[in-house]
>>> print(open('final.csv').read())   # CSV, C-alpha atoms and all ligand atoms
chain,number,residue,atom,x,y,z
A,1,MET,CA,0.0,0.0,0.0
A,2,VAL,CA,1.2,3.5,-0.8
A,3,ASP,CA,3.2,5.1,2.1
A,4,GLN,CA,1.8,8.6,2.4
A,5,PRO,CA,-1.5,8.7,0.5
A,6,ARG,CA,-2.7,12.0,-0.9
A,7,VAL,CA,-6.1,13.1,-2.2
A,8,ALA,CA,-7.5,16.0,-4.4
A,9,ARG,CA,-10.5,17.8,-3.0
A,10,TYR,CA,-12.6,20.9,-3.4
A,11,ARG,CA,-14.9,22.6,-1.0
A,12,GLN,CA,-16.5,25.1,-3.3
A,13,PHE,CA,-17.5,25.3,-6.9
A,14,GLY,CA,-15.4,27.4,-9.3
A,15,ASP,CA,-12.6,27.4,-11.8
A,16,PRO,CA,-9.9,24.6,-11.7
A,17,SER,CA,-7.9,26.5,-8.9
A,18,VAL,CA,-10.5,25.4,-6.3
A,19,ILE,CA,-9.1,21.9,-6.3
A,20,GLY,CA,-6.5,21.4,-3.7
A,21,VAL,CA,-4.2,18.4,-2.8
A,22,GLU,CA,-3.9,17.2,0.8
A,23,ALA,CA,-2.8,14.2,2.9
A,24,GLN,CA,-5.3,11.4,3.0
A,25,ASP,CA,-6.2,9.2,5.9
A,26,VAL,CA,-6.2,5.5,5.0
A,27,PRO,CA,-9.9,4.9,4.3
A,28,ASP,CA,-11.9,1.9,5.6
A,29,PRO,CA,-14.1,0.2,3.1
A,30,GLY,CA,-17.8,-0.3,3.9
A,31,PRO,CA,-19.1,-3.9,3.7
A,32,HIS,CA,-19.9,-3.6,0.0
A,33,ASP,CA,-16.9,-1.4,-0.9
A,34,VAL,CA,-13.3,-2.0,-1.9
A,35,VAL,CA,-10.3,0.2,-1.5
A,36,VAL,CA,-8.5,0.7,-4.8
A,37,GLU,CA,-4.9,2.0,-5.0
A,38,ILE,CA,-5.5,4.3,-8.0
A,39,ARG,CA,-2.8,4.4,-10.7
A,40,ARG,CA,-4.7,6.6,-13.2
A,41,SER,CA,-7.8,8.8,-12.5
A,42,GLY,CA,-9.8,9.6,-15.7
A,43,ILE,CA,-11.3,13.0,-16.3
A,44,ASN,CA,-14.6,13.4,-18.1
A,45,PRO,CA,-16.6,16.5,-19.2
A,46,LEU,CA,-19.0,15.6,-16.4
A,47,ASP,CA,-16.2,16.0,-13.8
A,48,VAL,CA,-15.3,19.5,-14.9
A,49,LYS,CA,-19.0,20.5,-15.2
A,50,THR,CA,-19.5,19.2,-11.6
A,51,ARG,CA,-16.5,21.2,-10.3
A,52,ALA,CA,-17.8,24.3,-12.1
A,53,GLY,CA,-21.1,23.9,-10.2
A,54,ALA,CA,-23.1,23.2,-13.4
A,55,GLN,CA,-24.5,19.8,-12.2
A,56,ASN,CA,-26.8,20.8,-9.4
A,57,VAL,CA,-25.1,18.5,-6.8
A,58,PRO,CA,-24.4,19.7,-3.3
A,59,ILE,CA,-20.8,19.7,-1.9
A,60,PRO,CA,-20.7,17.5,1.2
A,61,GLU,CA,-19.3,18.8,4.5
A,62,GLY,CA,-15.9,17.2,4.0
A,63,GLY,CA,-15.5,18.4,0.4
A,64,LEU,CA,-15.7,16.5,-2.8
A,65,ILE,CA,-13.0,14.2,-4.3
A,66,PRO,CA,-13.3,14.6,-8.1
A,67,HIS,CA,-13.5,12.0,-10.9
A,68,THR,CA,-15.8,9.1,-11.3
A,69,ASP,CA,-13.5,6.8,-13.4
A,70,GLY,CA,-10.1,5.2,-12.8
A,71,ALA,CA,-7.9,2.2,-12.8
A,72,GLY,CA,-5.6,0.6,-10.2
A,73,ILE,CA,-5.1,-2.3,-7.8
A,74,ILE,CA,-7.5,-3.6,-5.1
A,75,ARG,CA,-5.8,-3.2,-1.6
A,76,ARG,CA,-8.7,-3.9,0.8
A,77,LEU,CA,-12.0,-5.7,0.5
A,78,GLY,CA,-15.2,-4.9,2.4
A,79,SER,CA,-16.6,-7.8,4.4
A,80,ASP,CA,-19.4,-8.4,1.7
A,81,ALA,CA,-17.5,-7.5,-1.4
A,82,ALA,CA,-17.8,-10.8,-3.3
A,83,GLY,CA,-16.1,-11.9,-6.4
A,84,LEU,CA,-13.0,-9.6,-6.1
A,85,THR,CA,-9.5,-10.2,-4.6
A,86,GLU,CA,-6.8,-8.2,-3.0
A,87,GLY,CA,-4.0,-7.4,-5.5
A,88,GLN,CA,-6.4,-7.6,-8.5
A,89,ARG,CA,-6.0,-5.1,-11.3
A,90,VAL,CA,-9.3,-3.3,-12.0
A,91,TRP,CA,-11.0,-0.5,-13.8
A,92,VAL,CA,-13.7,1.5,-12.0
A,93,TRP,CA,-16.5,3.7,-13.3
A,94,GLY,CA,-19.1,6.0,-12.0
A,95,VAL,CA,-17.6,5.8,-8.6
A,96,GLY,CA,-19.6,8.6,-7.0
A,97,ARG,CA,-19.7,12.3,-7.0
A,98,GLU,CA,-18.6,12.8,-3.4
A,99,VAL,CA,-15.8,10.2,-3.2
A,100,GLY,CA,-14.0,10.0,-6.5
A,101,THR,CA,-10.8,8.5,-7.9
A,102,ALA,CA,-8.5,11.5,-7.6
A,103,ALA,CA,-6.8,9.9,-4.6
A,104,ASN,CA,-4.1,7.4,-3.9
A,105,LEU,CA,-6.7,5.3,-2.2
A,106,ALA,CA,-10.3,5.4,-3.5
A,107,VAL,CA,-13.3,3.8,-1.8
A,108,VAL,CA,-15.3,2.2,-4.6
A,109,PRO,CA,-18.6,0.3,-4.4
A,110,ALA,CA,-17.8,-3.3,-5.4
A,111,GLU,CA,-20.5,-3.2,-8.1
A,112,ARG,CA,-18.5,-0.4,-9.9
A,113,VAL,CA,-15.3,-2.5,-10.0
A,114,MET,CA,-14.4,-4.6,-13.1
A,115,PRO,CA,-11.4,-6.8,-13.7
A,116,LEU,CA,-8.7,-5.2,-15.9
A,117,PRO,CA,-7.0,-7.9,-18.0
A,118,GLU,CA,-3.2,-8.1,-18.1
A,119,ASN,CA,-3.2,-7.1,-21.7
A,120,ALA,CA,-4.9,-3.8,-20.8
A,121,SER,CA,-2.8,-0.8,-19.5
A,122,PHE,CA,-3.9,1.4,-16.6
A,123,ASP,CA,-4.1,4.2,-19.2
A,124,LEU,CA,-6.7,2.2,-21.1
A,125,GLY,CA,-8.5,1.1,-17.9
A,126,ALA,CA,-8.9,4.7,-16.6
A,127,SER,CA,-10.1,5.9,-20.0
A,128,LEU,CA,-13.0,3.5,-20.2
A,129,GLY,CA,-15.4,4.3,-17.4
A,130,ILE,CA,-18.3,6.5,-18.3
A,131,PRO,CA,-17.4,7.0,-22.0
A,132,ALA,CA,-17.1,3.3,-22.8
A,133,ILE,CA,-20.2,2.4,-20.7
A,134,THR,CA,-22.1,5.2,-22.5
A,135,ALA,CA,-20.9,3.8,-25.8
A,136,ALA,CA,-22.1,0.3,-24.9
A,137,LEU,CA,-25.5,1.7,-23.8
A,138,CYS,CA,-25.9,3.6,-27.1
A,139,LEU,CA,-25.3,0.4,-29.0
A,140,SER,CA,-27.3,-1.8,-26.7
A,141,ARG,CA,-30.6,-1.9,-28.6
A,142,HIS,CA,-31.4,-2.6,-32.1
A,143,GLU,CA,-35.0,-2.7,-33.4
A,144,ASP,CA,-35.8,-2.0,-29.7
A,145,ARG,CA,-34.3,-5.4,-28.6
A,146,LEU,CA,-31.4,-5.8,-26.2
A,147,ILE,CA,-28.5,-7.2,-28.3
A,148,VAL,CA,-26.5,-10.1,-27.0
A,149,PRO,CA,-22.8,-9.1,-27.2
A,150,SER,CA,-21.1,-11.2,-29.8
A,151,THR,CA,-18.8,-10.4,-32.8
A,152,TYR,CA,-21.8,-10.8,-35.1
A,153,ALA,CA,-24.5,-9.0,-33.0
A,154,LEU,CA,-24.5,-6.1,-35.5
A,155,ALA,CA,-23.2,-7.9,-38.5
A,156,GLY,CA,-24.6,-6.5,-41.7
A,157,ARG,CA,-25.7,-3.3,-39.8
A,158,SER,CA,-24.6,0.2,-40.5
A,159,VAL,CA,-23.8,2.5,-37.6
A,160,LEU,CA,-23.4,6.3,-37.9
A,161,VAL,CA,-21.4,8.0,-35.1
A,162,ARG,CA,-21.6,11.8,-34.7
A,163,GLY,CA,-18.6,13.5,-33.1
A,164,GLY,CA,-15.0,12.5,-32.5
A,165,GLY,CA,-14.6,12.6,-28.7
A,166,ALA,CA,-14.0,9.9,-26.1
A,167,VAL,CA,-17.6,8.4,-26.3
A,168,ALA,CA,-17.4,8.4,-30.1
A,169,HIS,CA,-14.0,6.6,-29.9
A,170,PHE,CA,-15.3,3.7,-27.8
A,171,THR,CA,-18.6,3.6,-29.8
A,172,ILE,CA,-16.5,3.1,-33.0
A,173,GLN,CA,-14.4,0.4,-31.4
A,174,LEU,CA,-17.3,-1.4,-29.8
A,175,ALA,CA,-19.5,-1.2,-32.9
A,176,LYS,CA,-16.7,-2.7,-35.0
A,177,HIS,CA,-16.2,-5.5,-32.5
A,178,LEU,CA,-20.0,-6.2,-32.6
A,179,GLY,CA,-19.6,-6.6,-36.4
A,180,ALA,CA,-21.0,-3.4,-37.7
A,181,ARG,CA,-19.9,-1.1,-40.5
A,182,VAL,CA,-19.1,2.2,-39.0
A,183,VAL,CA,-19.2,5.7,-40.5
A,184,VAL,CA,-18.3,8.8,-38.5
A,185,ALA,CA,-19.2,12.5,-39.0
A,186,ALA,CA,-16.8,14.6,-37.1
A,187,SER,CA,-14.9,17.9,-37.4
A,188,PRO,CA,-12.0,18.0,-39.9
A,189,SER,CA,-9.3,17.8,-37.2
A,190,LYS,CA,-10.8,14.5,-35.9
A,191,LEU,CA,-11.1,12.6,-39.2
A,192,GLN,CA,-7.7,10.9,-39.0
A,193,ALA,CA,-8.3,10.0,-35.4
A,194,VAL,CA,-11.7,8.3,-36.0
A,195,GLU,CA,-10.2,6.2,-38.8
A,196,LEU,CA,-7.3,5.2,-36.5
A,197,ALA,CA,-10.0,4.2,-34.0
A,198,GLY,CA,-11.4,1.8,-36.6
A,199,ALA,CA,-14.1,3.7,-38.5
A,200,ASP,CA,-14.7,2.3,-42.0
A,201,ALA,CA,-15.2,5.8,-43.4
A,202,SER,CA,-15.5,9.4,-42.1
A,203,VAL,CA,-17.0,12.6,-43.3
A,204,ASP,CA,-16.1,16.2,-42.4
A,205,ARG,CA,-19.3,17.3,-40.6
A,206,THR,CA,-18.6,21.0,-41.6
A,207,ARG,CA,-18.8,20.2,-45.4
A,208,THR,CA,-21.8,21.8,-47.1
A,209,ASP,CA,-22.4,18.4,-48.8
A,210,ALA,CA,-21.9,16.3,-45.7
A,211,GLN,CA,-25.5,14.9,-45.8
A,212,GLN,CA,-25.0,13.8,-49.4
A,213,ALA,CA,-21.7,12.2,-48.6
A,214,LEU,CA,-23.2,10.3,-45.6
A,215,ARG,CA,-26.1,9.1,-47.7
A,216,GLU,CA,-23.7,7.8,-50.4
A,217,LEU,CA,-21.7,5.9,-47.8
A,218,SER,CA,-24.9,4.0,-46.7
A,219,PRO,CA,-27.6,4.3,-49.5
A,220,ASP,CA,-30.0,2.0,-47.6
A,221,GLY,CA,-29.7,4.2,-44.5
A,222,TYR,CA,-28.1,3.7,-41.0
A,223,ASP,CA,-29.5,1.1,-38.6
A,224,LEU,CA,-28.1,2.8,-35.6
A,225,ILE,CA,-27.2,6.4,-35.1
A,226,VAL,CA,-25.3,7.6,-32.1
A,227,ASP,CA,-25.5,11.4,-31.7
A,228,VAL,CA,-23.6,13.8,-29.5
A,229,SER,CA,-25.4,16.9,-30.8
A,230,PRO,CA,-29.1,16.2,-31.5
A,231,ALA,CA,-29.9,19.9,-31.6
A,232,ALA,CA,-27.7,20.2,-34.7
A,233,ASN,CA,-28.3,16.9,-36.3
A,234,ILE,CA,-31.7,15.3,-35.4
A,235,GLN,CA,-33.4,16.1,-38.7
A,236,SER,CA,-30.3,14.9,-40.6
A,237,ASP,CA,-30.3,11.7,-38.5
A,238,ILE,CA,-34.0,11.0,-39.3
A,239,ASP,CA,-33.3,11.6,-43.0
A,240,LEU,CA,-30.3,9.2,-43.0
A,241,ALA,CA,-32.0,6.5,-40.8
A,242,ALA,CA,-32.9,3.1,-42.2
A,243,PHE,CA,-36.4,1.6,-41.7
A,244,ARG,CA,-36.7,0.7,-38.0
A,245,ALA,CA,-33.5,2.4,-37.1
A,246,THR,CA,-32.6,3.4,-33.6
A,247,ILE,CA,-31.2,6.9,-32.9
A,248,ALA,CA,-29.4,7.1,-29.5
A,249,LEU,CA,-28.9,10.6,-28.1
A,250,TYR,CA,-26.3,11.0,-25.3
A,251,ALA,CA,-25.3,14.7,-25.1
A,252,ARG,CA,-26.6,18.2,-25.8
A,253,GLU,CA,-23.5,19.7,-27.4
A,254,GLY,CA,-24.6,22.8,-29.4
A,255,GLY,CA,-28.1,23.2,-27.9
A,256,ASN,CA,-31.1,21.9,-26.0
A,257,SER,CA,-33.9,21.8,-28.5
A,258,ALA,CA,-34.7,21.2,-32.2
A,259,GLU,CA,-37.7,20.8,-34.4
A,260,VAL,CA,-38.5,17.1,-35.2
A,261,ASP,CA,-40.5,16.0,-38.2
A,262,PHE,CA,-42.7,13.3,-36.6
A,263,ARG,CA,-44.1,12.2,-39.9
A,264,ALA,CA,-40.6,11.2,-41.1
A,265,LEU,CA,-39.9,9.6,-37.8
A,266,GLN,CA,-43.1,7.6,-37.9
A,267,ALA,CA,-42.8,6.7,-41.5
A,268,LYS,CA,-39.6,4.8,-40.8
A,269,ASN,CA,-40.7,3.4,-37.4
A,270,ILE,CA,-37.6,5.0,-35.9
A,271,THR,CA,-36.9,4.5,-32.2
A,272,LEU,CA,-35.5,7.6,-30.5
A,273,ARG,CA,-33.6,6.8,-27.3
A,274,SER,CA,-32.0,9.2,-24.9
A,275,ILE,CA,-29.3,8.0,-22.6
A,276,ARG,CA,-28.0,9.6,-19.4
A,277,THR,CA,-25.7,6.9,-18.0
A,278,ILE,CA,-25.5,7.9,-14.4
A,279,GLU,CA,-29.3,7.9,-14.0
A,280,LEU,CA,-29.8,4.3,-15.1
A,281,PRO,CA,-30.4,1.4,-12.8
A,282,GLN,CA,-27.3,-0.7,-11.8
A,283,ASP,CA,-28.4,-3.7,-13.8
A,284,GLU,CA,-28.4,-1.8,-17.1
A,285,MET,CA,-25.0,-0.2,-16.4
A,286,GLN,CA,-23.7,-3.6,-15.3
A,287,TRP,CA,-24.8,-5.0,-18.7
A,288,ALA,CA,-22.8,-2.2,-20.3
A,289,ALA,CA,-19.7,-2.7,-18.0
A,290,ASP,CA,-19.8,-6.5,-18.8
A,291,THR,CA,-20.0,-5.7,-22.5
A,292,VAL,CA,-17.0,-3.3,-22.3
A,293,THR,CA,-15.0,-6.0,-20.4
A,294,TRP,CA,-15.9,-8.6,-23.0
A,295,ALA,CA,-14.5,-6.3,-25.7
A,296,LEU,CA,-11.5,-5.4,-23.6
A,297,GLU,CA,-10.6,-9.1,-23.0
A,298,ALA,CA,-10.7,-9.6,-26.8
A,299,GLY,CA,-8.2,-6.7,-27.3
A,300,ALA,CA,-10.8,-4.7,-29.2
A,301,LEU,CA,-10.5,-1.5,-27.2
A,302,SER,CA,-7.4,0.7,-27.3
A,303,VAL,CA,-6.3,4.3,-26.6
A,304,GLY,CA,-3.2,6.4,-27.5
A,305,GLU,CA,-2.3,8.5,-30.5
A,306,ALA,CA,-1.9,5.5,-32.8
A,307,HIS,CA,-5.4,4.4,-32.0
A,308,GLY,CA,-7.1,7.8,-32.3
A,309,LEU,CA,-7.4,8.9,-28.7
A,310,PRO,CA,-4.2,10.5,-27.4
A,311,ILE,CA,-3.5,10.2,-23.7
A,312,VAL,CA,-2.4,13.3,-21.8
A,313,LEU,CA,-0.9,12.6,-18.4
A,314,PHE,CA,-0.9,15.0,-15.4
A,315,SER,CA,0.5,14.5,-11.9
A,316,LEU,CA,-1.9,14.9,-8.9
A,317,ASP,CA,-0.3,18.3,-8.2
A,318,GLU,CA,-1.3,19.3,-11.8
A,319,ILE,CA,-4.9,18.4,-11.4
A,320,GLY,CA,-6.1,22.0,-11.9
A,321,GLN,CA,-4.1,22.1,-15.2
A,322,ALA,CA,-5.7,18.8,-16.2
A,323,HIS,CA,-9.2,20.3,-15.7
A,324,ALA,CA,-8.3,23.4,-17.6
A,325,ALA,CA,-7.0,21.3,-20.5
A,326,VAL,CA,-10.3,19.3,-20.7
A,327,GLU,CA,-12.3,22.5,-20.6
A,328,ALA,CA,-10.2,24.2,-23.4
A,329,PRO,CA,-12.0,24.4,-26.7
A,330,GLY,CA,-10.9,21.8,-29.2
A,331,PHE,CA,-9.3,19.5,-26.6
A,332,HIS,CA,-8.9,16.0,-28.1
A,333,GLY,CA,-7.9,12.9,-26.2
A,334,LYS,CA,-8.2,11.6,-22.7
A,335,ALA,CA,-6.7,13.5,-19.7
A,336,LEU,CA,-5.6,11.2,-16.9
A,337,VAL,CA,-4.1,12.0,-13.5
A,338,THR,CA,-1.2,9.7,-12.6
A,339,LEU,CA,-0.9,8.5,-9.0
A,401,LIG,N1,-25.4,10.9,-21.5
A,401,LIG,C1,-24.4,10.5,-20.8
A,401,LIG,O1,-24.6,9.7,-19.9
A,401,LIG,C2,-23.1,11.0,-21.2
A,401,LIG,C3,-21.9,10.2,-20.9
A,401,LIG,C4,-20.7,10.6,-21.3
A,401,LIG,C5,-20.6,11.9,-21.9
A,401,LIG,N2,-21.6,12.6,-22.1
A,401,LIG,C6,-21.5,14.0,-22.7
A,401,LIG,O2,-21.2,13.7,-24.1
A,401,LIG,C7,-20.4,14.8,-24.6
A,401,LIG,C8,-19.1,14.2,-25.2
A,401,LIG,O3,-18.4,13.5,-24.1
A,401,LIG,P1,-16.9,13.0,-24.4
A,401,LIG,O4,-16.4,12.3,-23.2
A,401,LIG,O5,-16.9,12.2,-25.7
A,401,LIG,O6,-16.2,14.4,-24.6
A,401,LIG,P2,-15.0,14.9,-25.6
A,401,LIG,O7,-14.1,13.8,-25.7
A,401,LIG,O8,-14.6,16.2,-25.1
A,401,LIG,O9,-15.8,15.0,-27.0
A,401,LIG,C9,-16.7,16.1,-27.3
A,401,LIG,C10,-17.1,15.9,-28.7
A,401,LIG,O10,-18.3,16.6,-28.9
A,401,LIG,C11,-18.4,16.8,-30.3
A,401,LIG,N3,-19.3,18.0,-30.7
A,401,LIG,C12,-19.3,19.2,-30.0
A,401,LIG,N4,-20.2,20.0,-30.7
A,401,LIG,C13,-20.7,19.3,-31.7
A,401,LIG,C14,-21.7,19.5,-32.7
A,401,LIG,N5,-22.3,20.7,-32.8
A,401,LIG,N6,-22.0,18.5,-33.6
A,401,LIG,C15,-21.3,17.3,-33.5
A,401,LIG,N7,-20.4,17.0,-32.6
A,401,LIG,C16,-20.1,18.0,-31.7
A,401,LIG,C17,-17.0,17.1,-30.8
A,401,LIG,O11,-16.9,16.3,-32.0
A,401,LIG,P3,-16.2,16.8,-33.3
A,401,LIG,O12,-15.0,16.0,-33.4
A,401,LIG,O13,-17.2,16.5,-34.4
A,401,LIG,O14,-16.0,18.3,-33.2
A,401,LIG,C18,-16.1,16.5,-29.7
A,401,LIG,O15,-15.3,15.5,-30.2
A,401,LIG,C19,-20.1,15.7,-23.4
A,401,LIG,O16,-21.1,16.7,-23.4
A,401,LIG,C20,-20.4,14.8,-22.2
A,401,LIG,O17,-20.8,15.6,-21.0
A,401,LIG,C21,-22.9,12.2,-21.8
>>> encode(input="final.csv", output="structure tokens")
Amino acid sequence: MVDQPRVARYRQFGDPSVIGVEAQDVPDPGPHDVVVEIRRSGINPLDVKTRAGAQNVPIPEGGLIPHTDGAGIIRRLGSDAAGLTEGQRVWVWGVGREVGTAANLAVVPAERVMPLPENASFDLGASLGIPAITAALCLSRHEDRLIVPSTYALAGRSVLVRGGGAVAHFTIQLAKHLGARVVVAASPSKLQAVELAGADASVDRTRTDAQQALRELSPDGYDLIVDVSPAANIQSDIDLAAFRATIALYAREGGNSAEVDFRALQAKNITLRSIRTIELPQDEMQWAADTVTWALEAGALSVGEAHGLPIVLFSLDEIGQAHAAVEAPGFHGKALVTL
């Protein structure tokens, strides 16, 4: 176990400078918890929005330890934490908003702990969390039925991914592993990255003829569309959807509302799904975490510049800089705090 554990914490909302680093008492796990020695703490847009006070969560009396995702090694088990072992490499996700992973020792509910195979680095493990689970949830239903994870679950299906961020990255890799053909519409600076991630084709979403280009890449329409910006894209999504397609909306980049042509939606029997991962019941998120681990064990998920999602590392003392980097316009990659 680490000698002099330290923890990041903030006691008020604000800019990245509100996060301080202090000594940490060795925490005791509750009966259903484990203590994980964190090696990498993953930062998501949700974490910076929470710190900025945009998420409507109260700050507990003792302050808030940031970040919901991470990877490390189990050091202590709660009395009822079944199925896990001390010394096990793990990735953790959605840990909690009060007690996060930006600490040498994180207390994590056992149900949010997944095995990290030997072939997967801590960088990869800490990048998965909410983005990969959201990706799995977005791909989880086709023709309104829960898919069974297999390398042919989406064989013969065409998937359109909007955007080129971390969720898009894992959506591309998972969809490929599920057997789909994947087309991505992203900003021009991300096109090379999404192809490195495994996309079969990509289209510059800022092109005036982007709609035409996307239609030509899948003339019969897309069976599944995963959209980061429905306000900008929903009508285009409906136009490009195949009969009985599913459109999964997981973010509100670029706006909160848009006009929807219900006639077109109905004519194709389209299913519109919206996903807010952290609000879903544990069994659905567990399905997604299991699906991510299934793909991980097969070597289907990867990060790093060569795979389209650069990793940017920060020390615990640089955690404020890490938040500032994630907030900066145009940031691409996964920011991780090393511990
Ligand atoms: N619902 C959930 O449970 C859930 C879970 C995870 C994340 N999220 C949200 O999803 C968003 C992305 O998360 P992330 O981790 O992937 O962040 P990220 O790595 O920072 O990626 C953000 C992406 O948003 C895309 N984007 C921004 N404006 C766009 C627009 N007008 N049209 C199309 N794409 C646009 C950009 O894609 P381009 O390359 O095309 O510019 C960019 O790559 C965040 O808002 C996050 O809070 C929601």
>>> closest_atom_pairs(input="final.csv", of="chain A", to="ligand LIG 401 (chain A)", cutoff="6 Å", atoms="only C-alpha atoms and all ligand atoms", output="CSV")
residue,atom,partner,partner_atom,distance
A:Asn44,CA,A:LIG401,O4,5.5
A:Pro45,CA,A:LIG401,O17,4.7
A:Leu46,CA,A:LIG401,O17,4.9
A:Ile130,CA,A:LIG401,C4,5.6
A:Pro131,CA,A:LIG401,C4,4.9
A:Thr134,CA,A:LIG401,C3,5.3
A:Arg162,CA,A:LIG401,C15,5.6
A:Gly163,CA,A:LIG401,O11,3.5
A:Gly164,CA,A:LIG401,O12,3.6
A:Gly165,CA,A:LIG401,O9,3.2
A:Ala166,CA,A:LIG401,O5,3.7
A:Val167,CA,A:LIG401,O5,3.9
A:Ala168,CA,A:LIG401,O5,5.8
A:Ala186,CA,A:LIG401,O13,3.3
A:Ser187,CA,A:LIG401,O13,4.0
A:Lys190,CA,A:LIG401,O12,5.1
A:Val228,CA,A:LIG401,N7,5.5
A:Ser229,CA,A:LIG401,N6,4.7
A:Ala232,CA,A:LIG401,N5,5.7
A:Tyr250,CA,A:LIG401,N1,3.9
A:Ala251,CA,A:LIG401,O2,4.3
A:Glu253,CA,A:LIG401,N4,4.7
A:Gly254,CA,A:LIG401,N5,4.6
A:Ile275,CA,A:LIG401,N1,5.0
A:Arg276,CA,A:LIG401,O1,3.4
A:Thr277,CA,A:LIG401,O1,3.6
A:Ile278,CA,A:LIG401,O1,5.9
>>> residues_around(input="final.csv", residues="range 19-26 of chain A", least_positions_apart="3", cutoff="7 Å", atoms="all atoms listed in the file", output="ChimeraX atom specification")
/A:5-10,16,317,320
>>> residues_around(input="final.csv", residues="Gly299 in chain A", least_positions_apart="4", cutoff="10 Å", atoms="only C-alpha atoms", output="list in words")
Pro117, Asn119, Ala120, His177, Thr293, Trp294 and Ala295 of chain A
>>> closest_residue(input="final.csv", among="A:Met114, A:Ala258, A:Ala288, A:Ile238", to="Leu224 in chain A", atoms="all atoms listed in the file")
A:Ile238
>>> closest_residue(input="final.csv", among="A:Ala242, A:Val34, A:Val161, A:Ala193", to="Tyr222 in chain A", atoms="only C-alpha atoms")
A:Ala242
>>> closest_residue(input="final.csv", among="A:Leu240, A:Ala306, A:Leu160, A:Val226", to="Ala199 in chain A", atoms="all atoms listed in the file")
A:Leu160
>>> atom_distance(input="final.csv", atom1="CA of Leu217 in chain A", atom2="CA of Asn256 in chain A")
28.6 Å
>>> atom_distance(input="final.csv", atom1="CA of Ala126 in chain A", atom2="CA of His169 in chain A")
14.4 Å
>>> closest_residue(input="final.csv", among="A:Leu77, A:Val107, A:Leu84, A:Ala135", to="Ile38 in chain A", atoms="all atoms listed in the file")
A:Val107
>>> closest_residue(input="final.csv", among="A:Ile133, A:Ala52, A:Val35, A:Val184", to="Gly100 in chain A", atoms="all atoms listed in the file")
A:Val35
